[in-house]
Amino acid sequence: MFAKIVAVATAAAAAVTLSATTASAAPRKTTKAKAVKVVSFEQRLNDAVNRVPGARSATWIVADKGAWGATDLSRGVVYIAPRTPATRILDVVRHEWVHVQQGRIYGGIDAARAGLAHVGGIEIIADCGAKALGAKWTHYTKRCNAAQVSASKRVLAGQPG
Ligand SMILES: [Zn+2]
């Protein structure tokens, strides 16, 4: 099974090429040189998507839309910027996955904003959902109250918050 990850950003390809070049240019004085494993951003994203239950059903695209992650709620398409630090990719995927669920439940960003306004809005709930999925890092809030935790878990389950 392959995730629907499409590389559209040349920056990612350039970064991979740079890493590969650096690796091959390393001194080869010993016969026991350690192998350098070059992991592409697409592979890191693919691995992260695989770790979030259900997330494969969305379309994940490597592209910089101005933030580490951005989701088109009406289409279920997620854009992950290739500049996202490797240590943050999984938590960003968790957050954006909640946005995908919000879009599916409410049909679009405006309805989602209205439907989740009473528990802090779509960003807070995306962070709370990300935390419920195990995120250690979030951008919009560090702490979720009981109502927000409950709402985020309903959204993850495909129900209105
Ligand atoms: Zn968000």
# chains A, B, ... in the order shown; residues from 1 in each chain; ligands from 1
>>> residues_near_ligand(ligand="ligand 1", cutoff="7 Å", atoms="only C-alpha atoms and all ligand atoms", output="tab-separated table (two decimals) with N, CA, C and O atoms, in the first residue's frame")
chain	number	residue	atom	x	y	z
A	70	ALA	N	-1.15	22.58	6.19
A	70	ALA	CA	-2.36	23.30	5.78
A	70	ALA	C	-3.32	22.29	5.17
A	70	ALA	O	-2.90	21.43	4.40
A	95	HIS	N	-2.29	16.93	13.75
A	95	HIS	CA	-3.11	18.15	13.78
A	95	HIS	C	-3.91	18.28	12.48
A	95	HIS	O	-5.13	18.52	12.51
A	96	GLU	N	-3.24	18.10	11.35
A	96	GLU	CA	-3.93	18.27	10.06
A	96	GLU	C	-4.97	17.18	9.84
A	96	GLU	O	-6.01	17.42	9.21
A	99	HIS	N	-8.14	18.28	11.13
A	99	HIS	CA	-8.79	19.20	10.19
A	99	HIS	C	-9.51	18.43	9.08
A	99	HIS	O	-10.60	18.83	8.65
A	123	GLU	N	-8.83	25.34	15.29
A	123	GLU	CA	-7.40	25.15	15.58
A	123	GLU	C	-7.17	24.54	16.96
A	123	GLU	O	-6.34	23.66	17.12
A	126	ALA	N	-8.13	20.99	16.74
A	126	ALA	CA	-7.11	20.22	16.00
A	126	ALA	C	-5.92	19.93	16.91
A	126	ALA	O	-5.37	18.82	16.88
>>> select_by_dssp(residues="chain A", states="helix (DSSP H, G or I)", output="PyMOL selection string")
chain A and resi 10-24+41-50+55-57+89-106+109-119+122-132+146-156
>>> select_by_dssp(residues="chain A", states="strand (DSSP E)", output="list in words")
Ile5, Val6, Ala7, Thr59, Trp60, Ile61, Val62, Gly69, Ala70, Thr71, Asp72, Val77, Val78, Tyr79 and Ile80 of chain A
>>> write_last_selection(atoms="C-alpha atoms", output="PDB file, in the first residue's frame")
ATOM      1  CA  ILE A   5       1.701  11.382  -1.327  1.00  0.00           C
ATOM      2  CA  VAL A   6       2.603  13.525  -4.266  1.00  0.00           C
ATOM      3  CA  ALA A   7       5.771  15.527  -4.373  1.00  0.00           C
ATOM      4  CA  THR A  59      -4.447  13.056   0.268  1.00  0.00           C
ATOM      5  CA  TRP A  60      -1.075  14.272   1.549  1.00  0.00           C
ATOM      6  CA  ILE A  61       1.007  16.560  -0.618  1.00  0.00           C
ATOM      7  CA  VAL A  62       4.473  17.932   0.017  1.00  0.00           C
ATOM      8  CA  GLY A  69       0.762  22.113   7.566  1.00  0.00           C
ATOM      9  CA  ALA A  70      -2.360  23.303   5.783  1.00  0.00           C
ATOM     10  CA  THR A  71      -5.574  21.450   5.057  1.00  0.00           C
ATOM     11  CA  ASP A  72      -8.253  22.112   2.478  1.00  0.00           C
ATOM     12  CA  VAL A  77      -6.244  17.496   0.906  1.00  0.00           C
ATOM     13  CA  VAL A  78      -3.333  18.230   3.226  1.00  0.00           C
ATOM     14  CA  TYR A  79      -0.193  20.153   2.348  1.00  0.00           C
ATOM     15  CA  ILE A  80       2.916  19.577   4.449  1.00  0.00           C
TER      16      ILE A  80
END
>>> residues_around(residues="Asp127 in chain A", least_positions_apart="3", cutoff="7 Å", atoms="only C-alpha atoms", output="PyMOL selection string")
chain A and resi 95+123-124+130-131+138+140-141
>>> write_last_selection(atoms="all heavy atoms", output="short mmCIF file (atom, residue, chain, number, x, y, z; two decimals), in the first residue's frame")
data_model
loop_
_atom_site.label_atom_id
_atom_site.label_comp_id
_atom_site.auth_asym_id
_atom_site.auth_seq_id
_atom_site.Cartn_x
_atom_site.Cartn_y
_atom_site.Cartn_z
N HIS A 95 -2.29 16.93 13.75
CA HIS A 95 -3.11 18.15 13.78
C HIS A 95 -3.91 18.28 12.48
O HIS A 95 -5.13 18.52 12.51
CB HIS A 95 -2.19 19.36 13.97
CG HIS A 95 -2.86 20.70 13.92
ND1 HIS A 95 -3.19 21.43 15.05
CD2 HIS A 95 -3.29 21.44 12.86
CE1 HIS A 95 -3.78 22.56 14.68
NE2 HIS A 95 -3.85 22.60 13.36
N GLU A 123 -8.83 25.34 15.29
CA GLU A 123 -7.40 25.15 15.58
C GLU A 123 -7.17 24.54 16.96
O GLU A 123 -6.34 23.66 17.12
CB GLU A 123 -6.64 26.48 15.44
CG GLU A 123 -6.63 27.05 14.03
CD GLU A 123 -6.00 26.12 12.99
OE1 GLU A 123 -5.38 25.11 13.36
OE2 GLU A 123 -6.16 26.41 11.79
N ILE A 124 -7.92 25.05 17.94
CA ILE A 124 -7.79 24.49 19.29
C ILE A 124 -8.18 23.01 19.27
O ILE A 124 -7.48 22.15 19.85
CB ILE A 124 -8.69 25.26 20.29
CG1 ILE A 124 -8.24 26.73 20.37
CG2 ILE A 124 -8.67 24.58 21.66
CD1 ILE A 124 -6.85 26.92 20.93
N ALA A 130 -4.83 16.31 18.20
CA ALA A 130 -3.45 15.87 18.01
C ALA A 130 -2.88 15.33 19.31
O ALA A 130 -2.22 14.29 19.33
CB ALA A 130 -2.60 17.04 17.49
N LYS A 131 -3.18 16.04 20.41
CA LYS A 131 -2.71 15.58 21.72
C LYS A 131 -3.35 14.23 22.07
O LYS A 131 -2.68 13.33 22.60
CB LYS A 131 -3.06 16.60 22.80
CG LYS A 131 -2.18 17.86 22.77
CD LYS A 131 -2.81 18.96 23.58
CE LYS A 131 -2.04 19.52 24.74
NZ LYS A 131 -0.68 19.30 24.96
N THR A 138 2.37 21.09 20.14
CA THR A 138 1.22 21.72 19.49
C THR A 138 1.51 23.21 19.37
O THR A 138 2.30 23.76 20.14
CB THR A 138 -0.09 21.50 20.28
OG1 THR A 138 0.14 21.85 21.65
CG2 THR A 138 -0.55 20.05 20.19
N TYR A 140 -1.14 25.87 18.81
CA TYR A 140 -2.16 26.83 19.23
C TYR A 140 -2.48 26.81 20.72
O TYR A 140 -2.85 27.83 21.28
CB TYR A 140 -3.45 26.60 18.44
CG TYR A 140 -3.28 26.89 16.96
CD1 TYR A 140 -2.92 25.88 16.07
CD2 TYR A 140 -3.44 28.18 16.46
CE1 TYR A 140 -2.73 26.16 14.72
CE2 TYR A 140 -3.25 28.46 15.12
CZ TYR A 140 -2.90 27.44 14.25
OH TYR A 140 -2.70 27.72 12.93
N THR A 141 -2.36 25.64 21.32
CA THR A 141 -2.63 25.58 22.75
C THR A 141 -1.80 24.48 23.38
O THR A 141 -1.48 23.47 22.74
CB THR A 141 -4.11 25.33 23.06
OG1 THR A 141 -4.32 25.42 24.48
CG2 THR A 141 -4.57 23.95 22.58
#
>>> atom_distance(atom1="CA of Gly103 in chain A", atom2="CA of Leu90 in chain A")
20.0 Å
>>> closest_residue(among="A:Leu156, A:Ala58, A:Val119, A:Ala63", to="Val98 in chain A", atoms="only C-alpha atoms")
A:Leu156
